[in-house]
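One file, structure.tsv, is given below (TSV, C-alpha atoms and all ligand atoms).
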chain	number	residue	atom	x	y	z
A	3	MET	CA	-33.13	-34.06	24.17
A	4	ARG	CA	-33.51	-36.57	21.31
A	5	TYR	CA	-31.01	-39.37	20.77
A	6	LEU	CA	-30.65	-41.84	17.90
A	7	VAL	CA	-29.98	-45.35	19.22
A	8	VAL	CA	-27.58	-47.36	17.03
A	9	PRO	CA	-25.65	-50.67	17.38
A	10	SER	CA	-22.48	-49.88	19.33
A	11	GLN	CA	-20.13	-51.19	16.57
A	12	GLU	CA	-21.76	-48.75	14.08
A	13	THR	CA	-21.53	-45.70	16.35
A	14	GLU	CA	-18.71	-43.95	14.43
A	15	ILE	CA	-20.38	-44.45	11.02
A	16	TRP	CA	-23.69	-42.93	12.17
A	17	LYS	CA	-22.02	-40.18	14.15
A	18	GLU	CA	-20.15	-39.07	11.01
A	19	TYR	CA	-23.31	-39.32	8.93
A	20	LEU	CA	-25.31	-37.19	11.39
A	21	ASP	CA	-22.47	-34.67	11.54
A	22	SER	CA	-22.39	-34.36	7.75
A	23	LYS	CA	-26.08	-33.39	7.84
A	24	GLU	CA	-25.59	-31.01	10.84
A	25	TRP	CA	-27.84	-33.36	12.85
A	26	LEU	CA	-25.21	-34.16	15.50
A	27	GLU	CA	-25.42	-32.15	18.74
A	28	ARG	CA	-21.74	-31.57	19.53
A	29	LYS	CA	-22.42	-30.05	22.95
A	30	TYR	CA	-23.26	-33.48	24.39
A	31	SER	CA	-21.50	-36.81	24.44
A	32	ILE	CA	-22.66	-40.19	23.16
A	33	GLU	CA	-24.41	-42.20	25.90
A	34	ILE	CA	-24.45	-45.95	26.63
A	35	GLU	CA	-27.94	-47.38	26.07
A	36	GLY	CA	-27.83	-51.07	27.16
A	37	GLU	CA	-25.89	-52.93	24.44
A	38	LYS	CA	-26.30	-49.95	22.09
A	39	ARG	CA	-25.21	-46.32	21.88
A	40	ALA	CA	-27.39	-43.17	21.93
A	41	ILE	CA	-26.13	-40.32	19.72
A	42	PRO	CA	-27.36	-36.79	20.68
A	43	LEU	CA	-29.34	-35.06	17.93
A	44	SER	CA	-29.29	-31.36	17.09
A	45	GLU	CA	-32.39	-29.21	16.71
A	46	LEU	CA	-32.01	-29.56	12.94
A	47	PHE	CA	-32.77	-33.29	12.99
A	48	PRO	CA	-36.17	-33.78	11.25
A	49	LEU	CA	-39.26	-34.44	13.36
A	50	ASN	CA	-40.00	-37.57	11.33
A	51	LEU	CA	-37.27	-40.17	11.19
A	52	PRO	CA	-35.63	-40.11	7.70
A	53	THR	CA	-36.25	-43.38	5.82
A	54	ASN	CA	-32.57	-44.41	5.76
A	55	LEU	CA	-32.62	-44.31	9.59
A	56	SER	CA	-36.03	-45.95	10.00
A	57	GLU	CA	-34.54	-49.18	11.43
A	58	PHE	CA	-33.27	-47.16	14.46
A	59	GLU	CA	-35.14	-45.97	17.53
A	60	ILE	CA	-35.33	-42.34	18.71
A	61	ILE	CA	-35.42	-41.83	22.48
A	62	GLU	CA	-35.90	-38.76	24.68
A	63	LYS	CA	-33.36	-38.35	27.49
A	64	ASN	CA	-32.31	-35.53	29.79
A	65	ALA	CA	-28.92	-34.42	28.50
A	66	PRO	CA	-26.29	-33.74	31.18
A	67	GLU	CA	-25.84	-29.98	31.82
A	68	ILE	CA	-22.42	-29.08	30.42
A	69	SER	CA	-20.74	-25.80	29.82
A	70	PRO	CA	-19.64	-25.06	26.23
A	71	ASN	CA	-15.88	-25.08	25.84
A	72	ASP	CA	-15.63	-21.97	23.66
A	73	TYR	CA	-17.55	-18.73	23.11
A	74	LEU	CA	-19.13	-20.19	19.96
A	75	GLY	CA	-20.74	-22.90	22.09
A	76	HIS	CA	-22.28	-20.17	24.30
A	77	LEU	CA	-23.41	-18.28	21.21
A	78	LYS	CA	-25.06	-21.39	19.77
A	79	LYS	CA	-26.90	-21.90	23.05
A	80	GLU	CA	-28.00	-18.25	23.06
A	81	ILE	CA	-29.25	-17.87	19.47
A	82	GLY	CA	-30.24	-21.48	18.73
A	83	ASP	CA	-28.91	-23.98	16.22
A	84	VAL	CA	-30.83	-22.62	13.23
A	85	ASN	CA	-29.39	-19.09	13.40
A	86	TYR	CA	-25.99	-20.38	14.43
A	87	ASN	CA	-25.71	-22.70	11.43
A	88	LYS	CA	-27.20	-20.15	9.02
A	89	PHE	CA	-24.34	-17.70	9.71
A	90	LYS	CA	-21.66	-20.27	10.55
A	91	ARG	CA	-19.12	-18.83	8.04
A	92	PHE	CA	-19.25	-15.34	9.55
A	93	TRP	CA	-18.79	-15.83	13.31
A	94	PRO	CA	-15.49	-14.32	14.51
A	95	GLN	CA	-13.00	-17.18	14.83
A	96	SER	CA	-10.18	-15.18	16.39
A	97	PHE	CA	-9.90	-12.13	18.61
A	98	ASP	CA	-7.40	-10.40	20.89
A	99	LEU	CA	-7.68	-10.98	24.61
A	100	ILE	CA	-5.95	-8.04	26.33
A	101	GLY	CA	-6.22	-8.27	30.12
A	102	GLU	CA	-9.95	-7.96	30.84
A	103	LEU	CA	-10.76	-6.87	27.27
A	104	VAL	CA	-11.74	-8.71	24.15
A	105	ILE	CA	-11.15	-6.92	20.84
A	106	VAL	CA	-12.98	-8.53	17.98
A	107	LYS	CA	-13.72	-7.85	14.30
A	108	ILE	CA	-17.35	-8.49	13.38
A	109	GLU	CA	-18.41	-9.09	9.77
A	110	LYS	CA	-21.34	-7.07	8.40
A	111	GLU	CA	-23.34	-10.27	7.87
A	112	VAL	CA	-23.54	-10.95	11.63
A	113	GLU	CA	-23.71	-7.33	12.85
A	114	LYS	CA	-27.26	-7.87	14.09
A	115	PHE	CA	-25.89	-10.45	16.59
A	116	THR	CA	-23.29	-8.04	18.04
A	117	LYS	CA	-24.94	-8.08	21.48
A	118	GLU	CA	-25.14	-11.89	21.51
A	119	ILE	CA	-21.49	-12.23	20.39
A	120	SER	CA	-20.24	-9.97	23.18
A	121	HIS	CA	-22.52	-11.63	25.74
A	122	SER	CA	-21.23	-15.09	24.75
A	123	MET	CA	-17.63	-13.91	25.08
A	124	ILE	CA	-18.29	-12.55	28.57
A	125	SER	CA	-20.19	-15.74	29.56
A	126	HIS	CA	-17.35	-17.92	28.34
A	127	ASN	CA	-14.49	-16.08	30.07
A	128	LYS	CA	-15.33	-14.71	33.50
A	129	ARG	CA	-12.20	-12.52	33.43
A	130	VAL	CA	-13.56	-10.52	30.48
A	131	SER	CA	-15.31	-7.34	31.64
A	132	ARG	CA	-15.58	-5.47	28.30
A	133	VAL	CA	-15.86	-6.41	24.64
A	134	PHE	CA	-14.87	-3.93	21.92
A	135	ARG	CA	-15.62	-4.13	18.24
A	136	ASP	CA	-12.50	-3.42	16.19
A	137	LEU	CA	-13.21	-0.83	13.50
A	138	GLY	CA	-9.64	-0.67	12.18
A	139	VAL	CA	-6.44	1.28	12.83
A	140	HIS	CA	-6.50	5.07	12.38
A	141	GLY	CA	-4.09	8.02	12.27
A	142	ASN	CA	-0.36	8.44	12.81
A	143	PHE	CA	-0.51	6.92	16.26
A	144	ARG	CA	-1.96	3.67	14.81
A	145	VAL	CA	-4.74	3.64	17.40
A	146	ARG	CA	-7.62	1.23	16.89
A	147	LYS	CA	-11.09	2.69	16.61
A	148	LEU	CA	-12.94	0.63	19.19
A	149	GLU	CA	-16.65	0.51	19.89
A	150	LEU	CA	-17.78	-0.86	23.23
A	151	ILE	CA	-20.28	-3.66	22.50
A	152	GLY	CA	-20.43	-5.36	25.90
A	153	GLY	CA	-19.65	-4.58	29.54
A	154	SER	CA	-19.54	-1.40	31.60
A	155	LYS	CA	-19.08	2.00	29.89
A	156	ASN	CA	-17.62	3.49	33.07
A	157	LEU	CA	-14.48	1.37	32.91
A	158	GLY	CA	-13.27	2.90	29.60
A	159	GLY	CA	-10.53	0.97	27.83
A	160	ALA	CA	-7.95	0.67	30.61
A	161	THR	CA	-6.81	-2.77	31.69
A	162	LYS	CA	-3.88	-4.49	33.35
A	163	VAL	CA	-1.97	-7.12	31.35
A	164	LYS	CA	0.68	-9.61	32.36
A	165	GLU	CA	3.34	-10.34	29.79
A	166	ASN	CA	6.58	-12.27	30.25
A	167	GLY	CA	5.98	-12.22	34.01
A	168	VAL	CA	5.53	-8.42	34.31
A	169	GLU	CA	2.26	-6.57	34.97
A	170	PHE	CA	1.51	-3.20	33.38
A	171	ASN	CA	-1.41	-1.05	32.24
A	172	VAL	CA	-2.57	-0.50	28.68
A	173	ASP	CA	-5.53	1.23	27.09
A	174	PRO	CA	-6.11	0.14	23.49
A	175	THR	CA	-8.64	2.97	23.03
A	176	LYS	CA	-5.78	5.45	23.54
A	177	GLY	CA	-2.73	3.78	21.98
A	178	TYR	CA	-1.26	0.79	20.21
A	179	TYR	CA	-0.71	-2.49	22.05
A	180	SER	CA	-0.52	-6.00	20.67
A	181	PRO	CA	-0.03	-9.11	22.82
A	182	ARG	CA	1.14	-10.91	19.67
A	183	LEU	CA	4.63	-9.39	19.97
A	184	ALA	CA	5.34	-10.85	23.42
A	185	THR	CA	7.88	-13.38	22.14
A	186	GLU	CA	9.75	-10.67	20.20
A	187	ARG	CA	10.06	-8.77	23.48
A	188	LEU	CA	11.43	-11.85	25.19
A	189	ASP	CA	14.05	-12.11	22.42
A	190	THR	CA	14.96	-8.46	23.11
A	191	LEU	CA	15.52	-9.35	26.77
A	192	GLU	CA	17.77	-12.28	25.78
A	193	CYS	CA	19.76	-10.02	23.45
A	194	ALA	CA	20.17	-7.41	26.19
A	195	ILE	CA	21.38	-9.97	28.75
A	196	TYR	CA	23.94	-11.27	26.24
A	197	LEU	CA	25.11	-7.73	25.48
A	198	LYS	CA	25.46	-6.85	29.15
A	199	THR	CA	27.62	-9.95	29.71
A	200	LYS	CA	29.76	-8.99	26.73
A	201	LEU	CA	30.19	-5.35	27.77
A	202	GLU	CA	30.54	-6.27	31.47
A	203	ARG	CA	28.43	-3.28	32.46
A	204	LYS	CA	24.79	-2.22	32.70
A	205	LEU	CA	23.14	-0.99	29.49
A	206	ASN	CA	21.76	2.31	28.24
A	207	ILE	CA	18.56	1.54	26.34
A	208	CYS	CA	16.42	3.74	24.08
A	209	ASP	CA	12.86	2.91	22.95
A	210	PRO	CA	11.81	5.91	20.81
A	211	TYR	CA	8.37	4.43	19.94
A	212	ALA	CA	7.73	2.89	23.35
A	213	GLY	CA	3.91	2.81	23.41
A	214	PHE	CA	2.82	1.65	26.88
A	215	GLY	CA	6.33	0.21	27.34
A	216	PRO	CA	5.80	-3.54	26.83
A	217	ALA	CA	9.35	-4.02	25.49
A	218	LEU	CA	10.88	-2.08	28.38
A	219	MET	CA	9.02	-3.83	31.21
A	220	PRO	CA	11.01	-7.11	31.22
A	221	LEU	CA	14.24	-5.13	30.75
A	222	ILE	CA	13.85	-2.89	33.82
A	223	LYS	CA	12.72	-5.87	35.88
A	224	GLU	CA	15.90	-7.85	35.13
A	225	LYS	CA	18.38	-7.57	38.00
A	226	GLY	CA	21.45	-5.48	37.21
A	227	LEU	CA	20.73	-5.20	33.48
A	228	VAL	CA	19.90	-1.54	32.83
A	229	ASN	CA	21.71	1.67	33.73
A	230	TYR	CA	19.49	4.19	31.92
A	231	ILE	CA	16.32	4.12	29.87
A	232	LEU	CA	15.08	6.78	27.47
A	233	ALA	CA	11.44	6.00	26.69
A	234	ASN	CA	9.64	8.15	24.15
A	235	ASP	CA	6.30	8.24	22.35
A	236	LEU	CA	4.66	11.02	20.39
A	237	ASN	CA	1.18	10.19	21.67
A	238	PRO	CA	0.67	12.08	25.00
A	239	GLU	CA	-2.20	9.80	26.07
A	240	VAL	CA	0.23	6.91	25.83
A	241	THR	CA	3.18	8.51	27.62
A	242	THR	CA	1.06	9.18	30.74
A	243	ILE	CA	0.44	5.44	31.10
A	244	LEU	CA	4.01	4.60	29.99
A	245	GLU	CA	5.33	6.73	32.85
A	246	GLU	CA	3.10	5.00	35.43
A	247	ASN	CA	4.20	1.58	34.11
A	248	LEU	CA	7.89	2.41	34.25
A	249	ILE	CA	7.68	3.89	37.75
A	250	THR	CA	5.65	0.94	39.11
A	251	ASN	CA	8.01	-1.66	37.69
A	252	ASN	CA	11.29	0.13	38.45
A	253	LYS	CA	12.30	-2.08	41.38
A	254	GLU	CA	15.97	-1.89	40.30
A	255	ASN	CA	16.01	1.92	40.55
A	256	VAL	CA	17.08	2.38	36.95
A	257	ALA	CA	17.52	6.01	35.79
A	258	ILE	CA	14.53	6.68	33.52
A	259	GLU	CA	13.65	9.58	31.26
A	260	ILE	CA	10.29	9.81	29.49
A	261	LYS	CA	9.78	12.05	26.48
A	262	CYS	CA	6.81	12.86	24.29
A	263	LYS	CA	8.28	14.06	21.01
A	264	ASP	CA	8.89	13.02	17.44
A	265	ALA	CA	11.51	10.26	17.75
A	266	ARG	CA	13.48	11.82	14.90
A	267	LYS	CA	14.23	14.80	17.16
A	268	LEU	CA	15.90	12.79	19.96
A	269	ILE	CA	19.21	13.05	18.09
A	270	GLU	CA	19.01	16.86	18.37
A	271	ASN	CA	19.93	16.58	22.05
A	272	PRO	CA	23.77	16.21	22.01
A	273	LYS	CA	23.55	14.10	25.20
A	274	ASN	CA	21.73	11.37	23.27
A	275	ILE	CA	24.26	11.04	20.44
A	276	GLY	CA	26.11	7.72	20.66
A	277	LEU	CA	24.68	7.03	24.13
A	278	PHE	CA	22.73	3.81	23.69
A	279	ASP	CA	23.85	0.18	23.69
A	280	LEU	CA	20.41	-1.08	22.66
A	281	LEU	CA	18.00	0.78	20.40
A	282	LEU	CA	14.47	-0.47	19.66
A	283	VAL	CA	12.60	0.78	16.59
A	284	ASN	CA	9.00	-0.39	16.37
A	285	LEU	CA	7.12	1.82	13.92
A	286	PRO	CA	6.63	-0.92	11.32
A	287	HIS	CA	5.15	1.24	8.53
A	288	SER	CA	7.91	3.90	8.78
A	289	THR	CA	10.88	2.18	10.44
A	290	ILE	CA	13.09	2.36	7.34
A	291	GLU	CA	12.17	5.99	6.67
A	292	HIS	CA	13.01	7.03	10.26
A	293	LEU	CA	16.19	4.96	10.61
A	294	PRO	CA	18.64	7.58	9.23
A	295	LEU	CA	17.77	9.89	12.14
A	296	LEU	CA	17.95	7.14	14.77
A	297	VAL	CA	21.15	5.17	14.11
A	298	GLY	CA	23.29	8.02	15.54
A	299	LEU	CA	21.78	7.28	18.97
A	300	LEU	CA	23.78	4.02	19.05
A	301	ASN	CA	27.07	3.85	20.90
A	302	ASN	CA	29.86	3.57	18.32
A	303	ASN	CA	32.67	2.86	20.78
A	304	SER	CA	31.62	-0.63	21.80
A	305	THR	CA	29.19	-3.34	20.67
A	306	ALA	CA	25.67	-2.01	20.22
A	307	ILE	CA	22.44	-3.56	18.97
A	308	LEU	CA	19.55	-2.23	16.92
A	309	ARG	CA	16.34	-4.28	17.04
A	310	ALA	CA	13.69	-3.04	14.63
A	311	TRP	CA	10.47	-4.25	13.03
A	312	SER	CA	9.23	-3.32	9.59
A	313	ILE	CA	6.33	-4.10	7.28
A	314	ILE	CA	7.62	-4.43	3.75
A	315	ASP	CA	6.81	-5.90	0.32
A	316	SER	CA	8.20	-9.42	0.39
A	317	GLU	CA	10.01	-8.76	-2.88
A	318	LYS	CA	11.91	-5.83	-1.36
A	319	ILE	CA	13.54	-7.58	1.60
A	320	LYS	CA	16.97	-7.92	-0.04
A	321	GLN	CA	16.81	-4.29	-1.17
A	322	MET	CA	15.96	-3.22	2.40
A	323	GLU	CA	18.94	-5.17	3.79
A	324	ASP	CA	21.27	-3.51	1.26
A	325	ASP	CA	19.88	-0.05	2.08
A	326	ILE	CA	20.40	-0.62	5.81
A	327	LYS	CA	23.98	-1.76	5.23
A	328	LYS	CA	24.64	1.37	3.14
A	329	LEU	CA	23.12	3.59	5.83
A	330	PHE	CA	25.28	2.14	8.63
A	331	ASP	CA	28.31	2.37	6.36
A	332	SER	CA	27.66	6.03	5.58
A	333	LEU	CA	27.29	6.80	9.30
A	334	LYS	CA	30.57	4.91	10.00
A	335	TYR	CA	29.00	2.19	12.15
A	336	PRO	CA	30.74	-1.10	11.31
A	337	ILE	CA	28.10	-3.87	11.08
A	338	SER	CA	29.33	-7.17	12.47
A	339	ASN	CA	26.07	-9.09	12.06
A	340	ILE	CA	22.79	-8.35	10.33
A	341	ILE	CA	19.61	-10.42	10.51
A	342	VAL	CA	16.64	-9.49	8.32
A	343	GLU	CA	13.99	-12.12	8.85
A	344	PRO	CA	10.34	-12.20	7.74
A	345	THR	CA	8.36	-13.49	10.70
A	346	ARG	CA	4.77	-13.56	9.40
A	347	SER	CA	2.68	-12.24	6.55
A	348	TYR	CA	0.93	-8.89	6.98
A	349	SER	CA	-0.99	-8.77	3.69
A	350	PRO	CA	-0.95	-10.88	0.53
A	351	THR	CA	2.16	-8.98	-0.67
A	352	GLN	CA	3.71	-7.65	2.56
A	353	VAL	CA	5.59	-9.32	5.39
A	354	TYR	CA	6.27	-8.34	8.96
A	355	THR	CA	10.07	-8.41	9.23
A	356	LYS	CA	12.45	-8.46	12.16
A	357	ILE	CA	15.73	-6.57	11.76
A	358	GLU	CA	18.62	-7.10	14.14
A	359	ILE	CA	21.97	-5.40	13.69
A	360	TRP	CA	25.10	-5.80	15.78
A	361	THR	CA	27.83	-3.21	15.43
A	362	ASN	CA	31.46	-3.08	16.62
A	363	GLU	CA	31.34	-6.70	17.79
A	364	SER	CA	35.07	-7.25	17.90
A	365	SER	CA	35.53	-4.59	20.64
B	401	LIG	C1	3.65	0.12	16.62
B	401	LIG	S1	3.52	1.13	18.04
B	401	LIG	C2	4.72	0.33	19.06
B	401	LIG	C3	4.48	0.54	20.52
B	401	LIG	C4	5.32	-0.36	21.42
B	401	LIG	N1	6.73	-0.23	21.15
B	401	LIG	C5	4.86	-1.80	21.34
B	401	LIG	O1	5.64	-2.64	20.90
B	401	LIG	O2	3.74	-2.08	21.72
B	401	LIG	C6	4.29	2.61	17.53
B	401	LIG	C7	4.24	3.74	18.56
B	401	LIG	O3	4.94	4.85	18.02
B	401	LIG	C8	4.27	6.06	18.33
B	401	LIG	N2	4.67	7.03	17.29
B	401	LIG	C9	4.17	7.22	16.05
B	401	LIG	N3	4.89	8.14	15.37
B	401	LIG	C10	5.87	8.55	16.21
B	401	LIG	C11	6.95	9.46	16.09
B	401	LIG	N4	7.15	10.14	14.98
B	401	LIG	N5	7.76	9.61	17.15
B	401	LIG	C12	7.57	8.93	18.31
B	401	LIG	N6	6.56	8.05	18.48
B	401	LIG	C13	5.74	7.86	17.44
B	401	LIG	C14	2.82	5.69	18.35
B	401	LIG	O4	2.09	6.55	19.20
B	401	LIG	C15	2.86	4.23	18.88
B	401	LIG	O5	2.66	4.19	20.27
Any chance you could give the structure as structure tokens?
Amino acid sequence: MRYLVVPSQETEIWKEYLDSKEWLERKYSIEIEGEKRAIPLSELFPLNLPTNLSEFEIIEKNAPEISPNDYLGHLKKEIGDVNYNKFKRFWPQSFDLIGELVIVKIEKEVEKFTKEISHSMISHNKRVSRVFRDLGVHGNFRVRKLELIGGSKNLGGATKVKENGVEFNVDPTKGYYSPRLATERLDTLECAIYLKTKLERKLNICDPYAGFGPALMPLIKEKGLVNYILANDLNPEVTTILEENLITNNKENVAIEIKCKDARKLIENPKNIGLFDLLLVNLPHSTIEHLPLLVGLLNNNSTAILRAWSIIDSEKIKQMEDDIKKLFDSLKYPISNIIVEPTRSYSPTQVYTKIEIWTNESS
């Protein structure tokens, strides 16, 4: 490993200069060399000392063996500095870590390094057993098309995740799951605990688009919170896992029913009308469209809460709030509080929005 030896008081100046030329080897630290400092040089540093550095000495030293602190460091080690720097703009900077899985989008420009990218991700995180390339969301069930690019084929896409202190199974090759909504689910738990205290009884909860059940897991785990859960999802591959998750985590012996039907048909069962104290609606592209056939599931005799999530044009948020108010009014549910809050951007024009509605709060 080559090092440039500079006066110690000039270390920062030369370090910055080398970095600006991509001549600084970031994997290693600066070493003490007598009264001076030795700055590690990358493979891109010229073989002949550039004239503006000719007053300094180059030395060869064994660099200490250190492990890179991110997957990009492993990748750089694997493909070499030249290739790494050539495609620097295109390396995936973010990815989803779901249990033992990594799900990553890979740009066309670096497709030929797919194997090296997945290998670096597995080398960096020993927990990761499979890496999937994300080819986008498809179909009504919003399932990601995933291509296995690293790890064992035999394991499929199933993995165990731990969220808000609860473990459950997911399989992103079969259904939708995003760890990014974990804090929203914690807010749902807080809401439910508050509602239970207010009503002084256990709650009936309906999640018509339950997926693998991430929102329901912390609710059934909470002592004395839930009386009855109706969990539904139209995707049969998802409901099989949802059922396992609910049964495994049902330490409180909550009454649970699992359905696999179009959520808009739940209201056709007279038993479901007005039954639920808490209703979750997470079908962000169609939430508003489906809402008219879901509101009737809410209990209208005491305080009830709807928590929903929607993707909407940022210019139409006020319009959406007005439409929701009109809908509740027409169904004779008195709104006592409504929160419509954009939480993050989804596209240049659309925002991901949280909707929370409290009805009959004075009761
Ligand atoms: C955005 S995901 C939400 C899943 C889960 N609630 C979560 O937060 O991870 C929407 C779910 O709704 C299901 N779905 C789509 N259309 C449906 C419908 N008409 N009725 C019931 N479920 C539906 C999909 O299969 C998917 O699992």
Select the residues contacting ligand LIG 401 (chain B) at a distance of at most 10 Å, based on only C-alpha atoms and all ligand atoms, then format the selection as a PyMOL selection string. chain A and resi 141-145+172+176-184+186-187+209-218+233-241+244+261-268+282-289+292+310-312
Selection file, C-alpha atoms, as a PDB file, in the coordinates of the input:
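Contents of selection-v6.pdb, freshly written:
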ATOM      1  CA  GLY A 141      -4.090   8.020  12.270  1.00  0.00           C
ATOM      2  CA  ASN A 142      -0.360   8.440  12.810  1.00  0.00           C
ATOM      3  CA  PHE A 143      -0.510   6.920  16.260  1.00  0.00           C
ATOM      4  CA  ARG A 144      -1.960   3.670  14.810  1.00  0.00           C
ATOM      5  CA  VAL A 145      -4.740   3.640  17.400  1.00  0.00           C
ATOM      6  CA  VAL A 172      -2.570  -0.500  28.680  1.00  0.00           C
ATOM      7  CA  LYS A 176      -5.780   5.450  23.540  1.00  0.00           C
ATOM      8  CA  GLY A 177      -2.730   3.780  21.980  1.00  0.00           C
ATOM      9  CA  TYR A 178      -1.260   0.790  20.210  1.00  0.00           C
ATOM     10  CA  TYR A 179      -0.710  -2.490  22.050  1.00  0.00           C
ATOM     11  CA  SER A 180      -0.520  -6.000  20.670  1.00  0.00           C
ATOM     12  CA  PRO A 181      -0.030  -9.110  22.820  1.00  0.00           C
ATOM     13  CA  ARG A 182       1.140 -10.910  19.670  1.00  0.00           C
ATOM     14  CA  LEU A 183       4.630  -9.390  19.970  1.00  0.00           C
ATOM     15  CA  ALA A 184       5.340 -10.850  23.420  1.00  0.00           C
ATOM     16  CA  GLU A 186       9.750 -10.670  20.200  1.00  0.00           C
ATOM     17  CA  ARG A 187      10.060  -8.770  23.480  1.00  0.00           C
ATOM     18  CA  ASP A 209      12.860   2.910  22.950  1.00  0.00           C
ATOM     19  CA  PRO A 210      11.810   5.910  20.810  1.00  0.00           C
ATOM     20  CA  TYR A 211       8.370   4.430  19.940  1.00  0.00           C
ATOM     21  CA  ALA A 212       7.730   2.890  23.350  1.00  0.00           C
ATOM     22  CA  GLY A 213       3.910   2.810  23.410  1.00  0.00           C
ATOM     23  CA  PHE A 214       2.820   1.650  26.880  1.00  0.00           C
ATOM     24  CA  GLY A 215       6.330   0.210  27.340  1.00  0.00           C
ATOM     25  CA  PRO A 216       5.800  -3.540  26.830  1.00  0.00           C
ATOM     26  CA  ALA A 217       9.350  -4.020  25.490  1.00  0.00           C
ATOM     27  CA  LEU A 218      10.880  -2.080  28.380  1.00  0.00           C
ATOM     28  CA  ALA A 233      11.440   6.000  26.690  1.00  0.00           C
ATOM     29  CA  ASN A 234       9.640   8.150  24.150  1.00  0.00           C
ATOM     30  CA  ASP A 235       6.300   8.240  22.350  1.00  0.00           C
ATOM     31  CA  LEU A 236       4.660  11.020  20.390  1.00  0.00           C
ATOM     32  CA  ASN A 237       1.180  10.190  21.670  1.00  0.00           C
ATOM     33  CA  PRO A 238       0.670  12.080  25.000  1.00  0.00           C
ATOM     34  CA  GLU A 239      -2.200   9.800  26.070  1.00  0.00           C
ATOM     35  CA  VAL A 240       0.230   6.910  25.830  1.00  0.00           C
ATOM     36  CA  THR A 241       3.180   8.510  27.620  1.00  0.00           C
ATOM     37  CA  LEU A 244       4.010   4.600  29.990  1.00  0.00           C
ATOM     38  CA  LYS A 261       9.780  12.050  26.480  1.00  0.00           C
ATOM     39  CA  CYS A 262       6.810  12.860  24.290  1.00  0.00           C
ATOM     40  CA  LYS A 263       8.280  14.060  21.010  1.00  0.00           C
ATOM     41  CA  ASP A 264       8.890  13.020  17.440  1.00  0.00           C
ATOM     42  CA  ALA A 265      11.510  10.260  17.750  1.00  0.00           C
ATOM     43  CA  ARG A 266      13.480  11.820  14.900  1.00  0.00           C
ATOM     44  CA  LYS A 267      14.230  14.800  17.160  1.00  0.00           C
ATOM     45  CA  LEU A 268      15.900  12.790  19.960  1.00  0.00           C
ATOM     46  CA  LEU A 282      14.470  -0.470  19.660  1.00  0.00           C
ATOM     47  CA  VAL A 283      12.600   0.780  16.590  1.00  0.00           C
ATOM     48  CA  ASN A 284       9.000  -0.390  16.370  1.00  0.00           C
ATOM     49  CA  LEU A 285       7.120   1.820  13.920  1.00  0.00           C
ATOM     50  CA  PRO A 286       6.630  -0.920  11.320  1.00  0.00           C
ATOM     51  CA  HIS A 287       5.150   1.240   8.530  1.00  0.00           C
ATOM     52  CA  SER A 288       7.910   3.900   8.780  1.00  0.00           C
ATOM     53  CA  THR A 289      10.880   2.180  10.440  1.00  0.00           C
ATOM     54  CA  HIS A 292      13.010   7.030  10.260  1.00  0.00           C
ATOM     55  CA  ALA A 310      13.690  -3.040  14.630  1.00  0.00           C
ATOM     56  CA  TRP A 311      10.470  -4.250  13.030  1.00  0.00           C
ATOM     57  CA  SER A 312       9.230  -3.320   9.590  1.00  0.00           C
TER      58      SER A 312
END
Just want the 9 Å neighbourhood of Arg129 of chain A, counted on all atoms listed in the file, with same-chain residues fewer than 4 positions away dropped. Output as a count of residues only. 4
Ranking A:Leu299, A:Val130, A:Leu248, A:Leu150 by minimum distance to Val168 of chain A and counting only C-alpha atoms, which one comes first?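 Checking each candidate against Val168 of chain A, we get A:Leu248 as the closest.
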List as a PyMOL selection string the protein and nucleic acid residues near Ile108 of chain A, meaning an atom at most 12 Å away when only C-alpha atoms are counted, but skip any in the same chain fewer than 5 places from it. chain A and resi 91-97+113-120+133-138+148-149+151
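Closest approach to Lys328 of chain A among A:Leu308, A:Leu293, A:Ile222, A:Val112 is made by A:Leu293 (distances from only C-alpha atoms).
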Can you tell me, as JSON, the centre and edge lengths (Å, one decimal) of the axis-aligned box enclosing all of segment 337-354 of chain A's listed atoms after padding each side by 8 Å?
{"center_x": 14.2, "center_y": -8.7, "center_z": 5.9, "size_x": 46.3, "size_y": 25.7, "size_z": 29.1}
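For Asn71 of chain A, the non-local neighbours within 10 Å, defined as residues at least 3 positions apart in the same chain or in other chains and counting only C-alpha atoms, are A:Lys29, A:Ile68, A:Leu74, A:Gly75, A:His76, A:His126.
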Might you pull out every residue within 8 Å of segment 77-88 of chain A, with all atoms listed in the file counted and same-chain residues fewer than 4 positions away left off, and present them as a short mmCIF file (atom, residue, chain, number, x, y, z; two decimals) with C-alpha atoms, keeping the file's coordinate frame?
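See result_35.cif below for the written result:
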data_model
loop_
_atom_site.label_atom_id
_atom_site.label_comp_id
_atom_site.auth_asym_id
_atom_site.auth_seq_id
_atom_site.Cartn_x
_atom_site.Cartn_y
_atom_site.Cartn_z
CA SER A 44 -29.29 -31.36 17.09
CA GLU A 45 -32.39 -29.21 16.71
CA LEU A 46 -32.01 -29.56 12.94
CA TYR A 73 -17.55 -18.73 23.11
CA GLU A 118 -25.14 -11.89 21.51
CA ILE A 119 -21.49 -12.23 20.39
CA SER A 122 -21.23 -15.09 24.75
#
How many Å lie between atom CA of Ser31 of chain A and atom CA of Ser56 of chain A, rounded to one decimal? 22.4 Å
